[in-house]
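Below you'll find the structure, written out as structure tokens, and then a few comments.
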Amino acid sequence: MTDTLPSSSLARYGTLLEKPLFFLIALFCFASASTALTAVMNSSFYLAAILWAGWLLCVRPAMPWRSGIFRLFMLLLLVFVVSLLLNGDWLANNLNEFKKDHLKPLLVFLMACSFIRREQQVRIILLGFALGFALRSLLLLAFYGLDLAWLAPYRRGYAMDAVFYLSLTSVLLLFGQDWLSRRWRVMLAVMWCVEMLNLVLHQSRTPLLTIVACLLLLLLLNGSWRKSLLLLLGCVIAAVGLFVAKPELWQRYASTFRSATYQQDGALLERQGIWVATGYLIRQQPVFGYGPGWRKLALLARDEQLLQHLQAGTHPRNRYGYTYFTERAYQYGKANPHNLYLQVALETGLCGLLVYLSFLLTLLWLAFRQVWRQTIRYPVASSLLVIIPAFLLVGFANGMWANAVLLMMLAGMLLEPQAAPRSGSSSGKLA
């Protein structure tokens, strides 16, 4: 007798795990797009991780070791480990923050590149993300329209999440004709209108403008001149309607194009003060940073006596920065770097920033090649061509690390484009 099961038996057990594993992954994707289902998101993720580990042992799938994106991903993991080990004073905190912010997207990437291979799976995953964000958008619309205070938590972080999910909904609507039935496309159009209305009412300027600009570039890249003109026409009509119905909102969005905004806007001056403090901290530990977790920024600022430096400064940004750290964000977890690049450098140093940007830019290049050569029909590459540039643009004023499950799921699915062959008939659409 042998101590191990025959390989055929292991493969059979792996096959039995596939359906429940995919169900849990799809449920996790749906729940992760909506803050209303946090318990469902966490439970489905950890159950999926356990089943995925068992599936790996049974099936032993080939991993894309030769892919440049996969190697950069492994290098990013190495940077995390080194950063953790070099910051012994913050070890417990960094481990907790790593689990909170980074564990899910990193494991999602590995799940996607090893398990999500068929086109039908890709469709369901993308629609799961879109439907989850639509649920959150409907709840937020009820907050704006009915003034229900208990729905206010759904507004938090909506604009940054829209960079990912609204972009995905847009791509599915524009390029999902071969995938989706007419009923699904009508549903996506309604979802898109609700999400865009929420984003306008949210009054966050940068995400809205960058999403529209990146969508326009994608349409031009695909040679969709008619859709480009329709998008521009829709923007003009929306701008006129906003000017007539909500002149105060129009003034806020129009202020983006005034130079005085960047010299007098209190929110921007406050962020500049935060950037001064964060930049100083990075210079103290420039190579591998302080370890995963940006929430320690307020404590680090006090430890390095930055408050005195900000208070002594004569520029208005120093005064705003001092007020931020003393009155608004003086406790652990209250201070936010408000800049993607400074946030990554604070956590993992310049080494981590270099690897992370290399990962995103390599991913963007691969997506561009896939769209340009038209080697795949599903909108994974097109979604990344919108999401990554928008993500990098809004990152100048917003801190958001690798904790984007959608981004990492798309990255993992893009590594195996040939594993999802396109159906040659309309029966491949989701009814």
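By order in the structure tokens, chains are A, B, ...; within a chain, residues start at 1; ligands start at 1, following the order shown.
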
Using only C-alpha atoms, what table do you get, as a tab-separated table, when you list each residue of stretch 141-161 of chain A with an atom no more than 12 Å from stretch 203-211 of chain A, its nearest pair of atoms, and their distance in Å rounded to one decimal, rows by chain then rising number?
```
residue	atom	partner	partner_atom	distance
A:Arg155	CA	A:Gln203	CA	11.1
A:Arg156	CA	A:Ser204	CA	11.5
A:Gly157	CA	A:Ser204	CA	10.2
A:Tyr158	CA	A:Ser204	CA	9.3
A:Ala159	CA	A:Pro207	CA	6.2
A:Met160	CA	A:Pro207	CA	6.7
A:Asp161	CA	A:Pro207	CA	9.2
```

>> Please list as a PyMOL selection string every residue within 9 Å of stretch 299-313 of chain A, counting only C-alpha atoms and excluding residues in the same chain fewer than 6 positions away.
In response: chain A and resi 273+276-278+280-281+319-323+325-326+330-333+335

>> What's around A:Phe359 at 7 Å? Count only C-alpha atoms, leave out sequence neighbours fewer than 5 positions away in its own chain, and write the answer as a VMD selection string.
In response: chain A and resid 69 72 to 73

> Neighbours of A:Leu95 within 12 Å (only C-alpha atoms; same-chain residues fewer than 2 positions away dropped), as a PyMOL selection string?
Replying inline: chain A and resi 80-81+83-85+87-93+97-103+290-293

>> Give me the residues near stretch 113-116 of chain A as a VMD selection string, where near means some atom within 10 Å (using only C-alpha atoms) and where sequence neighbours in that chain fewer than 4 positions away do not count.
In response: chain A and resid 18 21 to 22 25 52 55 to 56 60 to 64 70 108 to 109 120 to 122 125 408 to 417 419 to 420

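The two atoms in question, atom CA of A:Arg328 and atom CA of A:Glu270, are spaced 11.0 Å apart.
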
> Quick one, how far is atom CA of A:Leu151 from atom CA of A:Leu37?
Replying inline: 13.5 Å

> Nearest to A:Gly176 among A:Pro247, A:Pro379, A:Gly128, A:Pro389, with distances taken over only C-alpha atoms: which residue is it?
Replying inline: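 Of the candidates, the smallest distance to A:Gly176 is held by A:Pro379.
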
A:Ala367 surroundings by only C-alpha atoms, 7 Å radius, close-in-sequence under 4 positions cut, as a compact mmCIF listing (two decimals) with all heavy atoms, in the first residue's frame:
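Wrote it out as around33.txt, contents follow:
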```
# COMPACT_ATOMS: atom_id res chain seq x y z
N LEU A 363 1.59 45.36 -16.96
CA LEU A 363 0.22 44.89 -17.15
C LEU A 363 -0.51 45.76 -18.18
O LEU A 363 -1.23 45.24 -19.05
CB LEU A 363 -0.52 44.94 -15.81
CG LEU A 363 -1.93 44.35 -15.74
CD1 LEU A 363 -1.89 42.86 -16.07
CD2 LEU A 363 -2.51 44.58 -14.36
N VAL A 371 -5.39 44.21 -26.96
CA VAL A 371 -6.44 44.97 -27.65
C VAL A 371 -6.01 45.33 -29.06
O VAL A 371 -6.78 45.23 -30.02
CB VAL A 371 -6.79 46.24 -26.84
CG1 VAL A 371 -7.72 47.15 -27.64
CG2 VAL A 371 -7.46 45.85 -25.53
N ALA A 381 -8.82 42.89 -21.21
CA ALA A 381 -7.76 43.82 -21.58
C ALA A 381 -8.30 45.24 -21.74
O ALA A 381 -7.66 46.22 -21.33
CB ALA A 381 -7.10 43.35 -22.88
N SER A 382 -9.48 45.38 -22.33
CA SER A 382 -10.07 46.71 -22.50
C SER A 382 -10.36 47.36 -21.15
O SER A 382 -10.17 48.56 -20.98
CB SER A 382 -11.37 46.60 -23.32
OG SER A 382 -11.10 46.11 -24.61
N LEU A 384 -8.72 46.88 -18.37
CA LEU A 384 -7.45 47.30 -17.79
C LEU A 384 -6.92 48.56 -18.46
O LEU A 384 -6.29 49.39 -17.80
CB LEU A 384 -6.42 46.17 -17.91
CG LEU A 384 -6.62 44.99 -16.96
CD1 LEU A 384 -5.71 43.83 -17.34
CD2 LEU A 384 -6.37 45.41 -15.52
N LEU A 385 -7.19 48.72 -19.75
CA LEU A 385 -6.74 49.92 -20.45
C LEU A 385 -7.45 51.17 -19.95
O LEU A 385 -6.95 52.29 -20.14
CB LEU A 385 -6.94 49.77 -21.96
CG LEU A 385 -5.92 48.92 -22.70
CD1 LEU A 385 -6.21 48.92 -24.20
CD2 LEU A 385 -4.50 49.45 -22.46
```

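Atom CA of A:Tyr154 lies 5.9 Å from atom CA of A:Leu140.
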